[in-house]
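K.L.:
For reference, this is model.cif, and it has mmCIF, C-alpha atoms and all ligand atoms.
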data_protein
#
loop_
_atom_site.label_atom_id
_atom_site.label_comp_id
_atom_site.auth_asym_id
_atom_site.auth_seq_id
_atom_site.Cartn_x
_atom_site.Cartn_y
_atom_site.Cartn_z
CA MET A 69 -14.38 1.81 8.17
CA LEU A 70 -14.80 -1.92 8.74
CA VAL A 71 -15.21 -5.27 7.08
CA LYS A 72 -18.39 -7.01 8.16
CA SER A 73 -17.94 -10.14 6.10
CA LEU A 74 -15.70 -11.64 3.47
CA LYS A 75 -16.61 -14.40 1.04
CA LEU A 76 -13.87 -16.02 -1.02
CA ASN A 77 -14.58 -18.25 -4.03
CA ASN A 78 -11.63 -20.01 -5.66
CA TYR A 79 -9.31 -17.45 -4.13
CA ARG A 80 -5.79 -18.89 -3.60
CA ASN A 81 -6.25 -21.99 -1.35
CA TYR A 82 -9.94 -21.27 -0.64
CA THR A 83 -12.83 -22.89 -2.54
CA ASN A 84 -15.68 -21.41 -0.53
CA GLU A 85 -15.00 -19.47 2.62
CA ASN A 86 -17.22 -17.07 4.47
CA ILE A 87 -15.83 -15.10 7.38
CA ILE A 88 -17.76 -12.76 9.63
CA PHE A 89 -15.59 -10.17 11.36
CA ASP A 90 -15.96 -8.45 14.69
CA PRO A 91 -16.06 -4.62 14.41
CA ASN A 92 -13.11 -4.31 16.82
CA LEU A 93 -10.47 -7.00 17.19
CA ASN A 94 -10.13 -10.23 15.21
CA ILE A 95 -7.39 -12.83 15.54
CA ILE A 96 -6.85 -15.39 12.79
CA ILE A 97 -4.93 -18.44 13.93
CA GLY A 98 -3.62 -21.16 11.61
CA LYS A 99 -0.55 -23.18 10.80
CA ASN A 100 2.07 -22.11 8.24
CA GLY A 101 0.52 -22.32 4.80
CA SER A 102 -3.06 -22.50 6.10
CA GLY A 103 -4.13 -19.30 4.31
CA LYS A 104 -3.87 -16.52 6.89
CA THR A 105 -1.99 -14.09 4.65
CA ASN A 106 -4.34 -15.01 1.77
CA ILE A 107 -7.27 -13.63 3.78
CA LEU A 108 -5.50 -10.33 4.48
CA GLU A 109 -4.30 -10.20 0.88
CA SER A 110 -7.89 -10.43 -0.40
CA ILE A 111 -8.85 -7.43 1.77
CA VAL A 112 -5.85 -5.51 0.38
CA VAL A 113 -6.95 -6.41 -3.18
CA VAL A 114 -10.31 -4.75 -2.45
CA SER A 115 -8.51 -1.73 -0.97
CA ASN A 116 -5.76 -1.27 -3.59
CA THR A 117 -7.19 -3.27 -6.54
CA LYS A 118 -3.87 -5.15 -6.51
CA SER A 119 -2.11 -7.73 -4.41
CA PHE A 120 1.13 -6.93 -2.59
CA ARG A 121 2.48 -10.43 -3.34
CA THR A 122 2.12 -10.59 -7.10
CA ASN A 123 1.68 -8.33 -10.10
CA ASN A 124 -0.15 -11.11 -11.91
CA ASP A 125 -3.83 -11.30 -10.94
CA GLN A 126 -3.98 -14.86 -12.31
CA ASP A 127 -1.96 -16.05 -9.31
CA LEU A 128 -4.99 -15.25 -7.15
CA ILE A 129 -7.19 -17.82 -8.94
CA LYS A 130 -7.22 -21.16 -7.17
CA LYS A 131 -5.10 -23.65 -9.12
CA GLY A 132 -7.16 -25.55 -11.68
CA GLU A 133 -10.10 -23.10 -11.54
CA GLU A 134 -11.32 -20.62 -14.15
CA PHE A 135 -12.13 -17.60 -11.98
CA SER A 136 -11.75 -16.15 -8.53
CA LYS A 137 -14.21 -13.99 -6.61
CA ILE A 138 -13.95 -11.81 -3.52
CA ASP A 139 -17.19 -10.51 -1.95
CA LEU A 140 -16.54 -8.05 0.81
CA ILE A 141 -19.31 -6.35 2.73
CA SER A 142 -18.16 -3.26 4.61
CA ASP A 143 -20.17 -0.92 6.81
CA GLU A 144 -20.52 1.36 3.75
CA ASN A 145 -20.53 -0.70 0.56
CA ASP A 146 -20.64 -4.16 -0.96
CA PHE A 147 -17.46 -4.73 -2.95
CA LYS A 148 -16.90 -7.46 -5.47
CA VAL A 149 -13.72 -8.35 -7.37
CA VAL A 150 -13.97 -11.02 -10.05
CA ILE A 151 -10.80 -12.26 -11.71
CA ASN A 152 -10.92 -14.55 -14.70
CA LYS A 153 -8.29 -15.74 -17.16
CA LYS A 154 -8.59 -12.56 -19.23
CA ASN A 155 -9.34 -9.70 -16.89
CA LYS A 156 -10.50 -8.36 -13.57
CA SER A 157 -13.89 -6.73 -12.92
CA LEU A 158 -14.59 -4.44 -10.01
CA TYR A 159 -18.07 -3.81 -8.58
CA ILE A 160 -19.44 -1.56 -5.88
CA ASN A 161 -23.00 -2.35 -4.81
CA ASN A 162 -23.34 -4.51 -7.93
CA ASN A 163 -22.41 -1.67 -10.28
CA LEU A 164 -19.47 -2.38 -12.58
CA ILE A 165 -16.73 0.19 -11.96
CA LYS A 166 -14.79 0.85 -15.15
CA ARG A 167 -12.09 3.10 -13.77
CA THR A 168 -9.71 1.76 -11.14
CA SER A 169 -9.46 5.32 -9.80
CA GLN A 170 -13.13 5.12 -8.75
CA PHE A 171 -12.61 1.89 -6.82
CA ILE A 172 -9.21 2.28 -5.20
CA GLY A 173 -9.39 3.47 -1.59
CA LYS A 174 -13.20 3.18 -1.25
CA LEU A 175 -12.25 0.56 1.30
CA ASN A 176 -9.09 1.61 3.06
CA ALA A 177 -6.90 -0.98 4.73
CA ILE A 178 -3.33 -0.67 5.98
CA LEU A 179 -1.31 -3.86 6.12
CA PHE A 180 1.71 -4.44 8.37
CA LYS A 181 3.77 -7.43 7.26
CA PRO A 182 7.26 -8.79 7.95
CA GLY A 183 8.47 -8.01 4.40
CA ASP A 184 7.76 -4.30 4.89
CA LEU A 185 11.35 -3.78 6.01
CA GLU A 186 12.46 -4.30 2.40
CA LEU A 187 11.20 -0.78 1.71
CA PHE A 188 14.49 0.64 3.00
CA ASN A 189 16.60 -1.36 0.53
CA GLN A 190 14.27 -1.47 -2.43
CA SER A 191 14.68 0.45 -5.66
CA PRO A 192 13.26 3.98 -5.80
CA SER A 193 10.55 2.72 -8.16
CA GLU A 194 9.29 0.24 -5.53
CA ARG A 195 9.28 3.01 -2.94
CA ARG A 196 7.34 5.26 -5.34
CA LYS A 197 4.82 2.47 -5.85
CA LEU A 198 3.90 2.52 -2.15
CA LEU A 199 3.64 6.31 -2.26
CA ASP A 200 1.44 6.24 -5.36
CA ILE A 201 -0.92 3.60 -3.97
CA GLU A 202 -1.39 5.37 -0.65
CA ILE A 203 -1.90 8.85 -2.09
CA SER A 204 -4.16 7.47 -4.86
CA LYS A 205 -6.38 5.92 -2.23
CA ILE A 206 -7.27 9.29 -0.81
CA SER A 207 -6.73 11.79 -3.63
CA ASN A 208 -8.61 11.53 -6.88
CA ARG A 209 -6.74 14.60 -8.12
CA TYR A 210 -3.48 12.69 -7.64
CA VAL A 211 -4.53 9.50 -9.36
CA LEU A 212 -5.88 11.41 -12.37
CA ALA A 213 -2.68 13.47 -12.67
CA LEU A 214 -0.51 10.38 -12.30
CA VAL A 215 -2.35 8.36 -14.95
CA LYS A 216 -2.19 11.27 -17.43
CA TYR A 217 1.44 12.01 -16.62
CA ASN A 218 2.53 8.39 -17.17
CA LYS A 219 0.74 8.30 -20.50
CA ILE A 220 2.39 11.51 -21.73
CA LEU A 221 5.74 10.33 -20.37
CA LYS A 222 5.46 7.19 -22.49
CA ASP A 223 4.69 9.27 -25.60
CA LYS A 224 7.55 11.63 -24.85
CA ASN A 225 10.05 8.81 -24.34
CA LYS A 226 8.92 7.24 -27.60
CA LEU A 227 9.46 10.53 -29.41
CA LEU A 228 12.92 10.97 -27.84
CA LYS A 229 13.96 7.57 -29.21
CA GLU A 230 13.58 8.92 -32.76
CA ASN A 231 16.59 10.29 -34.60
CA ASN A 232 15.29 13.81 -35.02
CA PRO A 233 12.46 14.31 -32.55
CA ASP A 234 9.89 16.88 -33.58
CA GLU A 235 10.57 19.79 -31.23
CA THR A 236 7.16 21.37 -31.67
CA LEU A 237 5.50 18.13 -30.64
CA LEU A 238 7.88 17.85 -27.67
CA SER A 239 6.89 21.33 -26.54
CA VAL A 240 3.21 20.40 -26.73
CA LEU A 241 3.84 17.34 -24.56
CA ASP A 242 5.94 19.40 -22.11
CA GLU A 243 3.22 21.98 -21.81
CA SER A 244 0.60 19.40 -20.88
CA MET A 245 3.02 17.72 -18.49
CA ALA A 246 3.89 20.80 -16.41
CA PRO A 247 0.61 21.17 -14.45
CA LEU A 248 0.46 17.40 -13.85
CA ILE A 249 3.99 17.41 -12.43
CA LYS A 250 3.03 20.25 -10.10
CA THR A 251 -0.02 18.33 -8.86
CA ILE A 252 2.03 15.19 -8.24
CA ILE A 253 4.68 17.11 -6.30
CA GLU A 254 2.09 19.02 -4.27
CA GLU A 255 0.25 15.86 -3.23
CA ARG A 256 3.50 14.08 -2.36
CA GLU A 257 4.59 17.10 -0.28
CA ARG A 258 1.26 17.05 1.55
CA PHE A 259 1.72 13.34 2.22
CA PHE A 260 5.21 13.73 3.69
CA ASP A 261 4.18 16.81 5.70
CA VAL A 262 1.57 14.73 7.53
CA ILE A 263 3.91 11.75 7.89
CA ASN A 264 6.59 14.00 9.39
CA GLU A 265 4.09 15.56 11.76
CA TYR A 266 3.51 12.17 13.41
CA ILE A 267 6.32 9.70 12.74
CA SER A 268 8.64 10.64 15.66
CA ALA A 269 5.80 10.59 18.19
CA MET A 270 4.62 7.24 16.84
CA TYR A 271 8.14 5.84 17.14
CA THR A 272 8.31 6.98 20.75
CA MET A 273 4.94 5.43 21.53
CA ILE A 274 6.01 2.08 20.08
CA SER A 275 9.60 1.92 21.29
CA GLY A 276 9.41 3.96 24.48
CA LYS A 277 12.44 5.93 23.21
CA ILE A 278 12.65 9.58 22.20
CA VAL A 279 14.28 9.71 18.78
CA ASP A 280 13.96 12.19 15.93
CA ILE A 281 12.66 10.42 12.83
CA HIS A 282 11.67 12.03 9.60
CA VAL A 283 11.29 11.24 5.95
CA ASN A 284 13.11 13.36 3.38
CA TYR A 285 11.19 13.77 0.17
CA ASN A 286 13.80 13.94 -2.59
CA LYS A 287 11.71 15.68 -5.22
CA CYS A 288 12.64 16.48 -8.79
CA SER A 289 11.85 20.17 -8.34
CA GLU A 290 10.05 22.83 -6.37
CA THR A 291 6.66 23.43 -7.99
CA TYR A 292 7.55 27.00 -9.04
CA GLU A 293 10.61 25.78 -10.94
CA VAL A 294 8.92 23.01 -12.92
CA ASN A 295 8.53 24.84 -16.25
CA GLU A 296 12.08 26.11 -16.13
CA LYS A 297 13.48 22.64 -15.33
CA ILE A 298 11.52 20.97 -18.12
CA GLU A 299 12.98 23.46 -20.59
CA SER A 300 16.54 23.20 -19.31
CA SER A 301 16.51 19.39 -19.45
CA ARG A 302 15.76 19.29 -23.19
CA ASN A 303 19.39 18.84 -24.30
CA LYS A 304 20.01 16.14 -21.72
CA ASP A 305 16.85 14.35 -22.89
CA PHE A 306 18.15 14.40 -26.48
CA TYR A 307 21.47 13.01 -25.33
CA TYR A 308 20.01 10.15 -23.26
CA HIS A 309 16.93 9.58 -25.49
CA TYR A 310 14.54 9.61 -22.56
CA THR A 311 12.87 12.05 -20.15
CA THR A 312 15.52 12.91 -17.58
CA PHE A 313 13.41 15.32 -15.51
CA GLY A 314 10.20 14.57 -13.66
CA PRO A 315 8.52 13.00 -10.63
CA HIS A 316 9.18 9.54 -12.08
CA HIS A 317 12.66 10.02 -10.53
CA ASP A 318 11.41 11.10 -7.08
CA ASP A 319 12.41 9.13 -4.01
CA TYR A 320 12.35 9.42 -0.22
CA GLU A 321 14.69 8.41 2.59
CA PHE A 322 14.27 7.85 6.29
CA ILE A 323 16.40 9.88 8.69
CA MET A 324 17.05 8.95 12.31
CA ASP A 325 18.66 11.57 14.56
CA GLY A 326 20.18 13.24 11.51
CA TYR A 327 21.56 10.10 9.85
CA ASN A 328 20.26 7.94 7.04
CA LEU A 329 18.42 5.09 8.72
CA ASN A 330 20.22 2.42 6.68
CA SER A 331 23.58 3.60 7.93
CA ILE A 332 22.84 3.60 11.66
CA ALA A 333 19.73 1.69 12.70
CA SER A 334 19.57 -1.88 14.00
CA GLN A 335 17.09 -4.35 12.49
CA GLY A 336 14.76 -3.89 15.46
CA GLN A 337 14.93 -0.10 15.16
CA LYS A 338 14.25 -0.27 11.43
CA ARG A 339 11.25 -2.45 12.11
CA MET A 340 9.90 0.09 14.59
CA VAL A 341 10.52 3.00 12.19
CA LEU A 342 8.54 1.11 9.58
CA ILE A 343 5.71 0.49 12.02
CA ALA A 344 5.81 4.17 13.06
CA PHE A 345 5.64 5.12 9.36
CA LYS A 346 2.54 2.95 8.88
CA PHE A 347 0.90 4.49 11.94
CA ALA A 348 1.67 7.96 10.57
CA LEU A 349 0.03 6.75 7.36
CA ILE A 350 -3.08 5.88 9.35
CA LYS A 351 -3.07 9.48 10.66
CA TYR A 352 -2.74 10.77 7.10
CA ILE A 353 -5.79 8.73 6.00
CA GLN A 354 -7.78 9.85 9.05
CA LYS A 355 -6.87 13.48 8.37
CA GLN A 356 -7.76 13.39 4.68
CA THR A 357 -10.90 11.25 4.86
CA ASN A 358 -12.17 11.56 8.43
CA LYS A 359 -12.27 7.76 8.52
CA THR A 360 -10.07 5.21 10.22
CA PRO A 361 -8.58 2.56 7.94
CA ILE A 362 -8.79 -1.14 8.76
CA VAL A 363 -5.56 -2.27 10.41
CA LEU A 364 -4.18 -5.62 9.25
CA LEU A 365 -1.26 -7.10 11.19
CA ASP A 366 0.19 -10.12 9.41
CA ASP A 367 2.47 -12.07 11.71
CA ILE A 368 4.26 -9.00 12.94
CA LEU A 369 3.47 -9.19 16.63
CA SER A 370 5.54 -12.32 17.22
CA GLU A 371 8.61 -10.44 15.95
CA LEU A 372 8.36 -7.96 18.80
CA ASP A 373 9.07 -8.51 22.45
CA LYS A 374 6.07 -8.47 24.80
CA ASP A 375 6.56 -4.84 25.88
CA ASN A 376 6.75 -3.60 22.30
CA GLN A 377 3.75 -5.79 21.39
CA GLU A 378 1.70 -4.20 24.11
CA ARG A 379 2.78 -0.69 23.15
CA LEU A 380 1.99 -1.35 19.49
CA LEU A 381 -1.51 -2.57 20.27
CA ASN A 382 -2.06 0.54 22.37
CA VAL A 383 -1.07 2.86 19.51
CA ILE A 384 -3.79 1.48 17.23
CA PRO A 385 -6.63 4.02 17.24
CA SER A 386 -9.51 2.71 19.33
CA SER A 387 -11.89 3.39 16.44
CA ALA A 388 -9.99 0.99 14.15
CA GLN A 389 -11.07 -2.48 13.22
CA VAL A 390 -8.04 -4.73 13.64
CA ILE A 391 -7.30 -8.13 12.11
CA ILE A 392 -4.26 -9.96 13.43
CA THR A 393 -2.82 -13.24 12.15
CA ASN A 394 -0.55 -15.63 14.01
CA THR A 395 0.31 -19.31 14.12
CA ASP A 396 -0.38 -19.63 17.82
CA ILE A 397 -2.59 -17.64 20.14
CA ASN A 398 -0.07 -18.23 22.92
CA ASN A 399 2.46 -16.04 21.06
CA LEU A 400 0.25 -13.06 21.72
CA LYS A 401 -0.32 -11.04 24.82
CA ILE A 402 -3.76 -9.54 24.32
CA ASP A 403 -5.80 -8.07 27.13
CA LYS A 404 -8.78 -6.93 25.07
CA ASP A 405 -11.82 -8.94 23.93
CA TYR A 406 -11.44 -10.44 20.47
CA LYS A 407 -13.04 -12.76 17.97
CA LEU A 408 -10.97 -15.86 17.33
CA ILE A 409 -10.99 -17.20 13.78
CA GLU A 410 -9.31 -20.60 13.55
CA LEU A 411 -8.34 -21.93 10.14
CA LYS A 412 -8.89 -25.64 9.88
CA GLU A 413 -6.71 -28.27 8.30
CA GLU A 414 -9.09 -28.93 5.35
CA GLU A 415 -8.44 -25.41 4.09
CA ASP A 416 -4.84 -26.06 3.20
CA VAL A 417 -4.79 -27.91 -0.04
N1 LIG B 1 -3.44 -19.91 -6.66
C1 LIG B 1 -3.41 -20.78 -5.66
N2 LIG B 1 -4.14 -21.92 -5.71
C2 LIG B 1 -4.13 -22.81 -4.69
N3 LIG B 1 -3.42 -22.65 -3.57
C3 LIG B 1 -2.67 -21.53 -3.47
C4 LIG B 1 -2.63 -20.55 -4.49
N4 LIG B 1 -1.80 -19.57 -4.10
C5 LIG B 1 -1.34 -19.93 -2.90
N5 LIG B 1 -1.85 -21.09 -2.50
C6 LIG B 1 -1.60 -21.81 -1.24
O1 LIG B 1 -1.89 -20.96 -0.17
C7 LIG B 1 -1.08 -21.34 0.93
C8 LIG B 1 -0.35 -20.16 1.49
O2 LIG B 1 -1.23 -19.40 2.15
P1 LIG B 1 -0.75 -18.21 3.08
O3 LIG B 1 0.46 -17.57 2.56
O4 LIG B 1 -1.97 -17.39 3.31
O5 LIG B 1 -0.38 -19.04 4.40
P2 LIG B 1 -0.17 -18.48 5.86
O6 LIG B 1 -1.19 -19.10 6.74
O7 LIG B 1 -0.08 -17.02 5.86
O8 LIG B 1 1.23 -19.14 6.20
P3 LIG B 1 2.48 -18.57 7.06
O9 LIG B 1 2.11 -18.82 8.50
O10 LIG B 1 3.60 -19.41 6.63
O11 LIG B 1 2.65 -17.14 6.73
C9 LIG B 1 -0.06 -22.33 0.43
O12 LIG B 1 -0.44 -23.60 0.87
C10 LIG B 1 -0.17 -22.19 -1.07
O13 LIG B 1 0.13 -23.38 -1.73
MG MG B 2 1.46 -15.70 6.15
#
What is this structure when it is put down as structure tokens?

P.N.:
Amino acid sequence: MLVKSLKLNNYRNYTNENIIFDPNLNIIIGKNGSGKTNILESIVVVSNTKSFRTNNDQDLIKKGEEFSKIDLISDENDFKVVINKKNKSLYINNNLIKRTSQFIGKLNAILFKPGDLELFNQSPSERRKLLDIEISKISNRYVLALVKYNKILKDKNKLLKENNPDETLLSVLDESMAPLIKTIIEERERFFDVINEYISAMYTMISGKIVDIHVNYNKCSETYEVNEKIESSRNKDFYYHYTTFGPHHDDYEFIMDGYNLNSIASQGQKRMVLIAFKFALIKYIQKQTNKTPIVLLDDILSELDKDNQERLLNVIPSSAQVIITNTDINNLKIDKDYKLIELKEEEDV
């Protein structure tokens, strides 16, 4: 999977920008605030339908303008995202795509950025968000189950707020929820199984150290116990006036040599665990789709020493298109051929 070209109209600091990418390695160089992350962000918007920096699509429109447009030509499809003051429209090969689920993941990009480390300290809901985006990108079954589940969950919570909730109606909602919960758990299990197959080896390849890393999936239930657990949580739900059982409470934690990562790892080790996790994610995507995602490295190389930089670049699958950003080419130790994309002063407004 690769980006051939990217055209940005009124996107963030760009009025009109057209970038042609090399199929292998691209390095974007520019000063702080010149728009490097904005370029990677626009590729992520095409991949995930959402930015990682804002929940408000309006922020993506260049200040003072009415709309924003991203045109991305990949080796497989032409993608277009148009954001105006009211809504966002998604197109593949000029056909309007009404359902996000039919757009998300058609282009698959994995971004590495300095802020990724926050994952370890974020709230479970933020951690679930990452999980949901990544699994949604490759599993239509998951995204459909998740959308339906969240809708029923909203209805159920509304009903539980009432003084005397209608128990027959609750049972109907519970019955339609059960298979969706099982699907969500199954797909999350599959995700963590693949991650755990690779994460320790990836960590060793990046750090040069042999350490046992795995991710514990703290799930609400085993799939075979779902119906039973829904039933037995009824009284608790009445007491708290919301749905106490379900995958909307799931979380995951990182374990290093038997200990919770947060309690033992240094900053540098945490960074490498995160990078190893993202590389395991690349394996998951390759395994499920037979395609290699685009690898976006925003400013992360300069945080690593030269040895770790070199090891990291060597772990990237050779089939992957890579786009790296940095303020200075001299910060990087790169032995391969690459296309240099220099952002000019005029672009920062
Ligand atoms: N909606 C917008 N309209 C106009 N300009 C915007 C908008 N959103 C962000 N910007 C501008 O984009 C620039 C930031 O771009 P970006 O974060 O891509 O920089 P960068 O090159 O990654 O910088 P750094 O090296 O510090 O990470 C800032 O100058 C900011 O003012
Ligand atoms: Mg940046």

K.L.:
As JSON, please report the centre and edge lengths, rounded to one decimal in Å, of the axis-aligned box that holds all listed atoms of ligand LIG 1 (chain B) with 3 Å of padding on each of the six sides.

P.N.:
{"center_x": -0.3, "center_y": -20.3, "center_z": 0.9, "size_x": 13.7, "size_y": 12.6, "size_z": 21.2}

K.L.:
Ligand MG 2 (chain B): which residues are within 12 Å, counting all atoms listed in the file? Reply as a PDB file with C-alpha atoms, in the frame of the given file.

P.N.:
ATOM      1  CA  ILE A  96      -6.850 -15.390  12.790  1.00  0.00           C
ATOM      2  CA  ILE A  97      -4.930 -18.440  13.930  1.00  0.00           C
ATOM      3  CA  GLY A  98      -3.620 -21.160  11.610  1.00  0.00           C
ATOM      4  CA  LYS A  99      -0.550 -23.180  10.800  1.00  0.00           C
ATOM      5  CA  ASN A 100       2.070 -22.110   8.240  1.00  0.00           C
ATOM      6  CA  GLY A 101       0.520 -22.320   4.800  1.00  0.00           C
ATOM      7  CA  SER A 102      -3.060 -22.500   6.100  1.00  0.00           C
ATOM      8  CA  GLY A 103      -4.130 -19.300   4.310  1.00  0.00           C
ATOM      9  CA  LYS A 104      -3.870 -16.520   6.890  1.00  0.00           C
ATOM     10  CA  THR A 105      -1.990 -14.090   4.650  1.00  0.00           C
ATOM     11  CA  ASN A 106      -4.340 -15.010   1.770  1.00  0.00           C
ATOM     12  CA  ILE A 107      -7.270 -13.630   3.780  1.00  0.00           C
ATOM     13  CA  LEU A 108      -5.500 -10.330   4.480  1.00  0.00           C
ATOM     14  CA  GLU A 109      -4.300 -10.200   0.880  1.00  0.00           C
ATOM     15  CA  ARG A 121       2.480 -10.430  -3.340  1.00  0.00           C
ATOM     16  CA  PHE A 180       1.710  -4.440   8.370  1.00  0.00           C
ATOM     17  CA  LYS A 181       3.770  -7.430   7.260  1.00  0.00           C
ATOM     18  CA  PRO A 182       7.260  -8.790   7.950  1.00  0.00           C
ATOM     19  CA  GLY A 183       8.470  -8.010   4.400  1.00  0.00           C
ATOM     20  CA  LEU A 364      -4.180  -5.620   9.250  1.00  0.00           C
ATOM     21  CA  LEU A 365      -1.260  -7.100  11.190  1.00  0.00           C
ATOM     22  CA  ASP A 366       0.190 -10.120   9.410  1.00  0.00           C
ATOM     23  CA  ASP A 367       2.470 -12.070  11.710  1.00  0.00           C
ATOM     24  CA  ILE A 368       4.260  -9.000  12.940  1.00  0.00           C
ATOM     25  CA  ILE A 392      -4.260  -9.960  13.430  1.00  0.00           C
ATOM     26  CA  THR A 393      -2.820 -13.240  12.150  1.00  0.00           C
ATOM     27  CA  ASN A 394      -0.550 -15.630  14.010  1.00  0.00           C
ATOM     28  CA  THR A 395       0.310 -19.310  14.120  1.00  0.00           C
TER      29      THR A 395
END

K.L.:
In Å to one decimal, how far is CA of Lys153 (chain A) from CA of Gln126 (chain A)?

P.N.:
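Atom-to-atom, CA of Gln126 (chain A) and CA of Lys153 (chain A) are spaced 6.5 Å apart.
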
K.L.:
Go through A:Ile151, A:Ile278, A:Leu128, A:Ile201 and flag the residue nearest ligand LIG 1 (chain B), using all atoms listed in the file for the distances.

P.N.:
A:Leu128

K.L.:
Which polymer residues have any atom within 7 Å of an atom of Ser268 (chain A), counting all atoms listed in the file, with same-chain residues fewer than 4 positions away left out, as a VMD selection string?

P.N.:
chain A and resid 272 279 to 282

K.L.:
Nearest to ligand LIG 1 (chain B): which of A:Asn208, A:Ser239, A:Ser370, A:Asn382 is it, counting all atoms listed in the file?

P.N.:
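Among the listed residues, A:Ser370 lies closest to ligand LIG 1 (chain B).
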
K.L.:
Compile the contact shell of Ala246 (chain A) as a ChimeraX atom specification: residues with an atom at most 12 Å away, counting all atoms listed in the file, same-chain residues fewer than 4 positions apart removed.

P.N.:
/A:213,216-217,220-221,239-242,250-253,289-299,313-315

K.L.:
For C-alpha atoms, I'd like the residues from the last selection saved as an mmCIF file, keeping the file's coordinate frame.

P.N.:
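Wrote again06.cif, looks like this:
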data_model
loop_
_atom_site.group_PDB
_atom_site.id
_atom_site.type_symbol
_atom_site.label_atom_id
_atom_site.label_comp_id
_atom_site.auth_asym_id
_atom_site.auth_seq_id
_atom_site.Cartn_x
_atom_site.Cartn_y
_atom_site.Cartn_z
ATOM 1 C CA ALA A 213 -2.680 13.470 -12.670
ATOM 2 C CA LYS A 216 -2.190 11.270 -17.430
ATOM 3 C CA TYR A 217 1.440 12.010 -16.620
ATOM 4 C CA ILE A 220 2.390 11.510 -21.730
ATOM 5 C CA LEU A 221 5.740 10.330 -20.370
ATOM 6 C CA SER A 239 6.890 21.330 -26.540
ATOM 7 C CA VAL A 240 3.210 20.400 -26.730
ATOM 8 C CA LEU A 241 3.840 17.340 -24.560
ATOM 9 C CA ASP A 242 5.940 19.400 -22.110
ATOM 10 C CA LYS A 250 3.030 20.250 -10.100
ATOM 11 C CA THR A 251 -0.020 18.330 -8.860
ATOM 12 C CA ILE A 252 2.030 15.190 -8.240
ATOM 13 C CA ILE A 253 4.680 17.110 -6.300
ATOM 14 C CA SER A 289 11.850 20.170 -8.340
ATOM 15 C CA GLU A 290 10.050 22.830 -6.370
ATOM 16 C CA THR A 291 6.660 23.430 -7.990
ATOM 17 C CA TYR A 292 7.550 27.000 -9.040
ATOM 18 C CA GLU A 293 10.610 25.780 -10.940
ATOM 19 C CA VAL A 294 8.920 23.010 -12.920
ATOM 20 C CA ASN A 295 8.530 24.840 -16.250
ATOM 21 C CA GLU A 296 12.080 26.110 -16.130
ATOM 22 C CA LYS A 297 13.480 22.640 -15.330
ATOM 23 C CA ILE A 298 11.520 20.970 -18.120
ATOM 24 C CA GLU A 299 12.980 23.460 -20.590
ATOM 25 C CA PHE A 313 13.410 15.320 -15.510
ATOM 26 C CA GLY A 314 10.200 14.570 -13.660
ATOM 27 C CA PRO A 315 8.520 13.000 -10.630
#

K.L.:
Report as a PyMOL selection string all protein, DNA and RNA residues lying within 6 Å of Ser73 (chain A), evaluated on only C-alpha atoms, omitting residues in the same chain fewer than 5 positions from it.

P.N.:
chain A and resi 87-89+140-141

K.L.:
Counting only C-alpha atoms and all ligand atoms, figure out which residue out of A:Gln170, A:Gln377, A:Thr122, A:Ser115 gets nearest to ligand LIG 1 (chain B).

P.N.:
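Ranked by minimum distance to ligand LIG 1 (chain B), first place goes to A:Thr122.
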
K.L.:
Near region 187-199 of chain A, counting all atoms listed in the file, which residues have an atom at most 9 Å away, once you skip same-chain residues fewer than 5 positions from it, shown as a list in words?

P.N.:
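With the cut-off at 9 Å, the set is Ser204, Arg256, Phe259, His316, His317, Asp318, Asp319, Tyr320, Glu321, Phe322, Leu329, Asn330, Lys338 and Leu342 of chain A.
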
K.L.:
Ranking A:Lys75, A:Glu133, A:Ser119, A:Asn155 by minimum distance to ligand LIG 1 (chain B) and counting only C-alpha atoms and all ligand atoms, which one comes first?

P.N.:
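Answer, going by the shortest atom-to-atom distance: A:Glu133.
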
K.L.:
So how far away is CA of Ser169 (chain A) from CA of Asn116 (chain A), in Å?

P.N.:
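Interatomic distance, CA of Asn116 (chain A) to CA of Ser169 (chain A): 9.8 Å.
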
K.L.:
When you count only C-alpha atoms, which of these residues is closest to Glu378 (chain A): A:Gly276, A:Ile362, A:Ile353, A:Ile165?

P.N.:
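For Glu378 (chain A), the nearest of the candidates is A:Gly276.
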